[in-house]
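Peer 1: So I've got this file, work.tsv, and it contains TSV, C-alpha atoms:
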```tsv
chain	number	residue	atom	x	y	z
S	1	MET	CA	95.60	87.79	79.54
S	2	GLY	CA	96.55	88.44	83.12
S	3	ALA	CA	99.75	86.98	84.53
S	4	ARG	CA	98.24	85.33	87.57
S	5	ASP	CA	100.29	85.25	90.76
S	6	ASN	CA	99.86	81.49	91.08
S	7	ALA	CA	100.70	80.76	87.43
S	8	SER	CA	103.70	78.66	86.49
S	9	PRO	CA	106.99	80.54	86.00
S	10	LYS	CA	106.95	79.59	82.31
S	11	GLU	CA	103.47	81.09	81.78
S	12	LYS	CA	104.30	84.28	83.66
S	13	GLU	CA	107.51	84.65	81.67
S	14	LEU	CA	105.52	84.36	78.45
S	15	LEU	CA	102.81	86.86	79.41
S	16	LEU	CA	105.31	89.44	80.69
S	17	SER	CA	107.71	89.04	77.79
S	18	LYS	CA	108.28	91.91	75.36
S	19	VAL	CA	109.97	89.78	72.69
S	20	ALA	CA	107.73	88.45	69.90
S	21	THR	CA	109.71	85.35	69.00
S	22	PRO	CA	107.99	82.63	66.92
S	23	ASP	CA	107.93	80.38	69.98
S	24	ASN	CA	106.34	83.10	72.12
S	25	ILE	CA	103.70	83.82	69.49
S	26	GLN	CA	102.73	80.16	69.19
S	27	SER	CA	102.73	79.72	72.97
S	28	LEU	CA	100.46	82.76	73.31
S	29	ARG	CA	98.09	81.37	70.68
S	30	LYS	CA	97.95	78.07	72.57
S	31	LEU	CA	97.25	79.86	75.87
S	32	ILE	CA	94.44	81.89	74.29
S	33	SER	CA	92.91	78.68	72.95
S	34	GLN	CA	92.81	77.38	76.53
S	35	ARG	CA	91.55	80.53	78.26
S	36	ALA	CA	89.28	82.04	75.61
S	37	PRO	CA	88.76	79.68	72.66
S	38	ARG	CA	85.93	81.79	71.21
S	39	VAL	CA	88.34	84.71	70.80
S	40	LEU	CA	90.93	82.71	68.87
S	41	PRO	CA	89.23	83.00	65.43
S	42	PHE	CA	89.86	86.75	65.54
S	43	PHE	CA	93.61	86.04	65.41
S	44	GLU	CA	93.82	84.44	61.97
S	45	THR	CA	97.29	85.88	61.44
S	46	ASP	CA	100.12	86.52	63.87
S	47	LYS	CA	99.92	90.31	63.46
S	48	GLU	CA	97.84	91.01	66.57
S	49	LEU	CA	99.67	88.39	68.59
S	50	THR	CA	102.96	90.07	67.66
S	51	ARG	CA	101.60	93.43	68.81
S	52	TYR	CA	100.72	91.90	72.18
S	53	PHE	CA	104.41	91.82	73.10
S	54	GLN	CA	104.67	95.59	72.53
S	55	ARG	CA	102.12	96.49	75.22
S	56	ARG	CA	102.70	97.84	78.70
S	57	THR	CA	101.71	95.80	81.74
S	58	TYR	CA	100.44	96.99	85.11
S	59	ARG	CA	99.26	95.43	88.34
S	60	GLY	CA	96.50	97.93	88.97
S	61	ALA	CA	95.86	101.64	88.70
S	62	ILE	CA	96.06	102.72	92.32
S	63	ILE	CA	96.77	106.44	92.45
S	64	LYS	CA	97.64	108.62	95.42
S	65	CYS	CA	97.70	112.37	94.80
S	66	ASN	CA	99.24	114.72	97.33
S	67	ARG	CA	96.65	117.31	96.37
S	68	LEU	CA	93.68	117.48	94.02
S	69	ASN	CA	93.93	121.08	92.81
S	70	ASP	CA	96.39	123.44	91.17
S	71	SER	CA	95.15	126.79	92.40
S	72	GLU	CA	91.78	127.44	90.73
S	73	PHE	CA	93.03	126.25	87.34
S	74	ILE	CA	92.96	122.42	87.50
S	75	LEU	CA	90.95	120.06	89.69
S	76	LEU	CA	91.22	116.28	89.74
S	77	LEU	CA	88.20	114.16	90.61
S	78	GLY	CA	86.86	110.72	89.81
S	79	ASP	CA	89.35	108.20	88.44
S	80	ALA	CA	91.85	110.96	87.70
S	81	ALA	CA	92.08	111.69	91.43
S	82	HIS	CA	91.69	108.28	93.02
S	83	SER	CA	91.55	105.38	90.59
S	84	VAL	CA	91.41	102.25	92.74
S	85	LEU	CA	91.20	99.62	90.02
S	86	PRO	CA	90.54	96.81	90.69
S	87	PRO	CA	89.88	96.07	94.37
S	88	THR	CA	87.40	98.28	96.20
S	89	GLY	CA	84.35	98.48	93.94
S	90	GLU	CA	84.02	102.14	94.89
S	91	GLY	CA	84.95	103.67	91.53
S	92	ILE	CA	81.56	105.01	90.46
S	93	ASN	CA	80.45	105.73	94.03
S	94	SER	CA	83.51	107.82	94.88
S	95	GLY	CA	83.32	109.64	91.53
S	96	LEU	CA	79.68	110.58	92.07
S	97	GLU	CA	80.47	111.74	95.60
S	98	ASP	CA	83.17	114.00	94.14
S	99	THR	CA	80.64	115.73	91.89
S	100	LEU	CA	78.09	116.17	94.68
S	101	ILE	CA	80.66	117.64	97.03
S	102	LEU	CA	82.03	119.94	94.33
S	103	ALA	CA	78.52	121.13	93.45
S	104	ASP	CA	77.83	122.04	97.08
S	105	ILE	CA	81.15	123.89	97.37
S	106	VAL	CA	80.55	125.84	94.16
S	107	LYS	CA	77.27	127.09	95.64
S	108	GLU	CA	79.06	128.11	98.84
S	109	ASN	CA	82.17	129.73	97.41
S	110	PRO	CA	82.64	129.66	93.62
S	111	GLU	CA	85.84	131.71	93.76
S	112	ARG	CA	87.79	129.20	95.89
S	113	CYS	CA	85.90	126.01	95.06
S	114	PHE	CA	88.94	123.99	93.90
S	115	GLN	CA	90.94	124.74	97.03
S	116	LEU	CA	87.99	124.05	99.31
S	117	PHE	CA	87.27	120.77	97.50
S	118	ASN	CA	90.85	119.67	98.11
S	119	GLU	CA	90.64	120.56	101.80
S	120	ARG	CA	87.33	118.78	102.26
S	121	ARG	CA	88.02	115.69	100.16
S	122	ILE	CA	91.74	114.85	100.41
S	123	ALA	CA	91.43	112.84	103.65
S	124	ASP	CA	88.70	110.64	102.13
S	125	VAL	CA	90.70	110.15	98.94
S	126	HIS	CA	93.78	109.04	100.88
S	127	ALA	CA	91.71	106.72	103.07
S	128	LEU	CA	90.22	105.05	100.00
S	129	HIS	CA	93.71	104.68	98.55
S	130	ASP	CA	94.97	102.98	101.71
S	131	TYR	CA	92.11	100.49	101.62
S	132	ALA	CA	92.66	99.75	97.92
S	133	GLU	CA	96.39	99.31	98.46
S	134	TYR	CA	95.73	96.75	101.20
S	135	LEU	CA	93.35	94.80	98.95
S	136	ASN	CA	95.69	94.94	95.97
S	137	SER	CA	98.87	93.94	97.83
S	138	LEU	CA	100.04	90.38	97.24
S	139	PRO	CA	100.54	88.35	100.44
S	140	VAL	CA	104.03	86.84	100.17
S	141	ILE	CA	104.32	85.29	103.63
S	142	PRO	CA	102.75	81.82	103.95
S	143	GLY	CA	99.49	82.17	105.87
S	144	GLU	CA	98.96	85.89	105.20
S	145	GLY	CA	96.13	85.19	102.76
S	146	GLY	CA	94.44	82.91	105.30
S	147	ALA	CA	94.95	85.47	108.06
S	148	ARG	CA	93.26	88.18	105.99
S	149	LEU	CA	90.35	85.89	105.21
S	150	MET	CA	90.04	84.99	108.88
S	151	PHE	CA	90.12	88.70	109.76
S	152	MET	CA	87.16	89.36	107.45
S	153	ILE	CA	85.18	86.46	108.93
S	154	LEU	CA	85.91	87.43	112.53
S	155	GLU	CA	85.07	91.06	111.81
S	156	SER	CA	81.63	89.99	110.62
S	157	ILE	CA	81.03	87.55	113.49
S	158	LEU	CA	82.11	89.99	116.21
S	159	ALA	CA	80.03	92.74	114.63
S	160	LYS	CA	76.90	90.57	114.78
S	161	THR	CA	77.48	89.99	118.50
S	162	GLY	CA	77.84	93.72	119.06
S	163	ILE	CA	81.43	93.52	120.31
S	164	ILE	CA	82.74	95.70	117.49
S	165	SER	CA	81.17	97.98	114.88
S	166	ALA	CA	79.83	96.76	111.55
S	167	PRO	CA	82.39	95.45	109.04
S	168	ILE	CA	83.68	97.74	106.33
S	169	SER	CA	81.88	95.71	103.65
S	170	GLU	CA	78.53	96.58	105.23
S	171	HIS	CA	79.34	100.29	105.25
S	172	LEU	CA	80.36	100.20	101.58
S	173	PHE	CA	77.85	97.72	100.13
S	174	GLY	CA	75.41	96.65	102.86
S	175	PRO	CA	72.25	98.22	104.31
S	176	THR	CA	74.13	101.05	106.04
S	177	SER	CA	75.73	102.12	102.74
S	178	ALA	CA	72.57	104.19	102.10
S	179	GLU	CA	73.83	106.49	104.85
S	180	VAL	CA	76.58	108.38	103.06
S	181	LYS	CA	79.55	108.64	105.42
S	182	PRO	CA	83.02	110.02	104.66
S	183	TYR	CA	85.46	107.33	103.55
S	184	ASN	CA	87.95	108.54	106.12
S	185	ASP	CA	85.50	107.85	108.97
S	186	ILE	CA	84.67	104.35	107.67
S	187	ILE	CA	88.20	103.29	106.85
S	188	SER	CA	89.75	104.77	110.02
S	189	VAL	CA	87.54	102.48	112.11
S	190	TRP	CA	88.50	99.53	109.89
S	191	LYS	CA	92.21	100.34	110.32
S	192	LYS	CA	91.86	100.34	114.11
S	193	LYS	CA	90.18	96.91	114.03
S	194	ARG	CA	92.83	95.61	111.66
S	195	CYS	CA	95.62	96.74	114.00
S	196	TRP	CA	94.63	94.27	116.73
S	197	LEU	CA	92.46	91.67	115.02
S	198	LEU	CA	94.70	90.83	112.06
S	199	PRO	CA	97.76	90.03	114.25
S	200	ILE	CA	95.58	87.62	116.26
S	201	CYS	CA	94.58	85.89	113.02
S	202	ARG	CA	98.23	85.68	111.99
S	203	VAL	CA	99.10	83.90	115.23
S	204	PHE	CA	96.69	81.13	114.26
S	205	CYS	CA	97.36	81.00	110.51
S	206	TYR	CA	101.11	81.46	110.17
S	207	PRO	CA	102.28	78.32	112.05
S	208	PHE	CA	99.81	76.10	110.19
S	209	ALA	CA	100.79	77.62	106.83
S	210	PHE	CA	104.52	77.18	107.46
S	211	LEU	CA	103.93	73.58	108.52
S	212	MET	CA	101.93	72.83	105.39
S	213	ALA	CA	104.57	74.53	103.22
S	214	ALA	CA	107.27	72.36	104.77
S	215	LEU	CA	105.24	69.18	104.26
S	216	CYS	CA	104.42	70.04	100.65
S	217	PHE	CA	107.93	71.13	99.72
S	218	PRO	CA	109.24	67.66	98.70
S	219	CYS	CA	106.22	67.13	96.43
S	220	LYS	CA	106.61	70.56	94.83
S	221	LEU	CA	110.33	69.98	94.34
S	222	PHE	CA	109.65	66.63	92.67
S	223	THR	CA	107.01	68.18	90.38
S	224	PHE	CA	109.36	71.02	89.47
S	225	CYS	CA	112.17	68.63	88.61
S	226	ILE	CA	109.86	66.53	86.42
S	227	SER	CA	108.54	69.59	84.57
S	228	ARG	CA	112.09	70.86	83.98
S	229	LYS	CA	113.13	67.47	82.68
S	230	GLN	CA	110.16	67.30	80.28
S	231	SER	CA	110.77	70.81	78.97
```
Now that the file is in, can you turn its structure into structure tokens?
Peer 2:
Amino acid sequence: MGARDNASPKEKELLLSKVATPDNIQSLRKLISQRAPRVLPFFETDKELTRYFQRRTYRGAIIKCNRLNDSEFILLLGDAAHSVLPPTGEGINSGLEDTLILADIVKENPERCFQLFNERRIADVHALHDYAEYLNSLPVIPGEGGARLMFMILESILAKTGIISAPISEHLFGPTSAEVKPYNDIISVWKKKRCWLLPICRVFCYPFAFLMAALCFPCKLFTFCISRKQS
């Protein structure tokens, strides 16, 4: 029952509420019947629906650790070290890489393996975090979403012409993903392309988005006033 960014204020208020009033419980039941009607029979009573309002909410588990080891006593790897739910799709890949790297280090130097793992892996972990944070951030400026989409498209087009290197998606999921490269190397190149290509996309998208927002404002205001009057 995610509180979608584009949901109505009333729906978001319901889903983020922590007060199980009778009205909230009935509104939640109605929303479940719309989103997942096959699940509704499991809620014959209001007990589970009441418990819903006692839960914690989160936007995504994006973790950035300053270090991965505490001497040779504790070592963080996998989701404990760099959970990037939900955006990158690199959860299992990065976790498996952690184990492979740790195994190699243990063979090389078992007495200092945790410290060496941190030194070798921390840059990749932070790079993956930066990429996940970019994907998980909510564009609030009109046109930012369009500019990011345009950036992805242009990155692919320019890469095919040979002007720039392959897009990050190809390195992570495409044919070249079979060649295991450090995340820091892949994402550093992507950051450099983003620094000059994304602003160009914003120049094209922002004015159009602001114009459309201004033209649609009277209609949205009218719809809002009608909905408030009906409620």
Peer 1: For a cut-off of 9 Å around (78.3, 100.9, 106.6), file coordinates, pick out all residues using all atoms listed in the file and list them as JSON, numbers by chain.
Peer 2: {"S": [166, 167, 168, 169, 170, 171, 172, 173, 174, 175, 176, 177, 178, 179, 180, 181, 186]}
Peer 1: Between CA of Asp104 in chain S and CA of Asn118 in chain S, what distance in Å does the model show, to one decimal?
Peer 2: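 One can read the CA of Asp104 in chain S to CA of Asn118 in chain S distance as 13.3 Å.
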Peer 1: So, with all atoms listed in the file as the atoms that count, which of S:Arg56, S:Ile62, S:Leu100, S:Leu197 lies closest to Ala147 in chain S?
Peer 2: S:Leu197
Peer 1: Env of Leu68 in chain S: 10 Å cut, atoms = only C-alpha atoms, seq-sep filter 3 positions within chain, self excluded. Answer as JSON, numbers by chain.
Peer 2: {"S": [64, 65, 71, 74, 75, 76, 77, 80, 81, 82, 114, 115, 117, 118, 119, 121, 122, 125]}
Peer 1: Need to verify the contact set: range 31-34 of chain S, 10 Å, only C-alpha atoms, exclusion of same-chain residues closer than 5 positions in sequence. Can you return it as a PyMOL selection string?
Peer 2: chain S and resi 1+11+14-15+25-26+39-41+43
Peer 1: Which residues are close to Ser165 in chain S, i.e. within 10 Å by all atoms listed in the file, leaving aside same-chain residues fewer than 2 positions away? Reply as a list of chain:residue names.
Peer 2: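 After dropping sequence-adjacent residues, the list is S:Glu155, S:Ser156, S:Leu158, S:Ala159, S:Lys160, S:Thr161, S:Gly162, S:Ile163, S:Pro167, S:Ile168, S:Val189, S:Trp190, S:Lys193.
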Peer 1: If the box runs along x, y and z of the file and leaves 4 Å on each side of range 207-224 of chain S, what are its centre and edge lengths in Å, one decimal, as JSON?
Peer 2:
```
{"center_x": 105.1, "center_y": 72.5, "center_z": 100.8, "size_x": 18.5, "size_y": 19.7, "size_z": 30.6}
```
Peer 1: My list of candidates is S:Arg29, S:Lys47, S:Arg35, S:Arg202. Which is closest to Ile141 in chain S when distances are computed with all atoms listed in the file?
Peer 2: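 Closest residue, counting all atoms listed in the file: S:Arg202.
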Peer 1: Which polymer residues have any atom within 10 Å of an atom of Ala209 in chain S, counting only C-alpha atoms, with same-chain residues fewer than 5 positions away left out, as a ChimeraX atom specification?
Peer 2: /S:141-147,202,204,214-215
Peer 1: Neighbouring residues of Asp23 in chain S were defined as those with any atom within 12 Å, considering all atoms listed in the file; residues of the same chain fewer than 6 positions away were excluded. Please report them as a list of chain:residue names.
Peer 2: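 The residues satisfying every condition are S:Leu14, S:Ser17, S:Arg29, S:Lys30, S:Asp46, S:Leu49, S:Thr50.
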Peer 1: Nearest to Leu96 in chain S: which of S:Pro9, S:Pro182, S:Gly78, S:Pro199 is it, counting all atoms listed in the file?
Peer 2: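 Comparing S:Pro9, S:Pro182, S:Gly78, S:Pro199 against Leu96 in chain S, the winner is S:Gly78.
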Peer 1: For a test of reading the model, state the distance in Å between CA of Leu135 in chain S and CA of Met152 in chain S, rounded to one decimal.
Peer 2: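 These atoms are spaced 11.8 Å apart.
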Peer 1: S:Lys191, S:Lys12, S:Arg148, S:Arg120: which is nearest Arg67 in chain S, counting all atoms listed in the file?
Peer 2: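 Smallest separation from Arg67 in chain S among the options: S:Arg120.
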Peer 1: Go through S:Asp79, S:Met212, S:His129, S:Ile187 one by one, measure the shortest atom-to-atom distance of each to Ile92 in chain S using all atoms listed in the file, and give the residue with the smallest value.
Peer 2: S:Asp79
Peer 1: Could you check the closest approach to Cys195 in chain S for each of S:Phe42, S:Glu13, S:Ile226, S:Phe151 and tell me which residue wins, using only C-alpha atoms?
Peer 2: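 Residue with the minimum atom-to-atom distance to Cys195 in chain S: S:Phe151.
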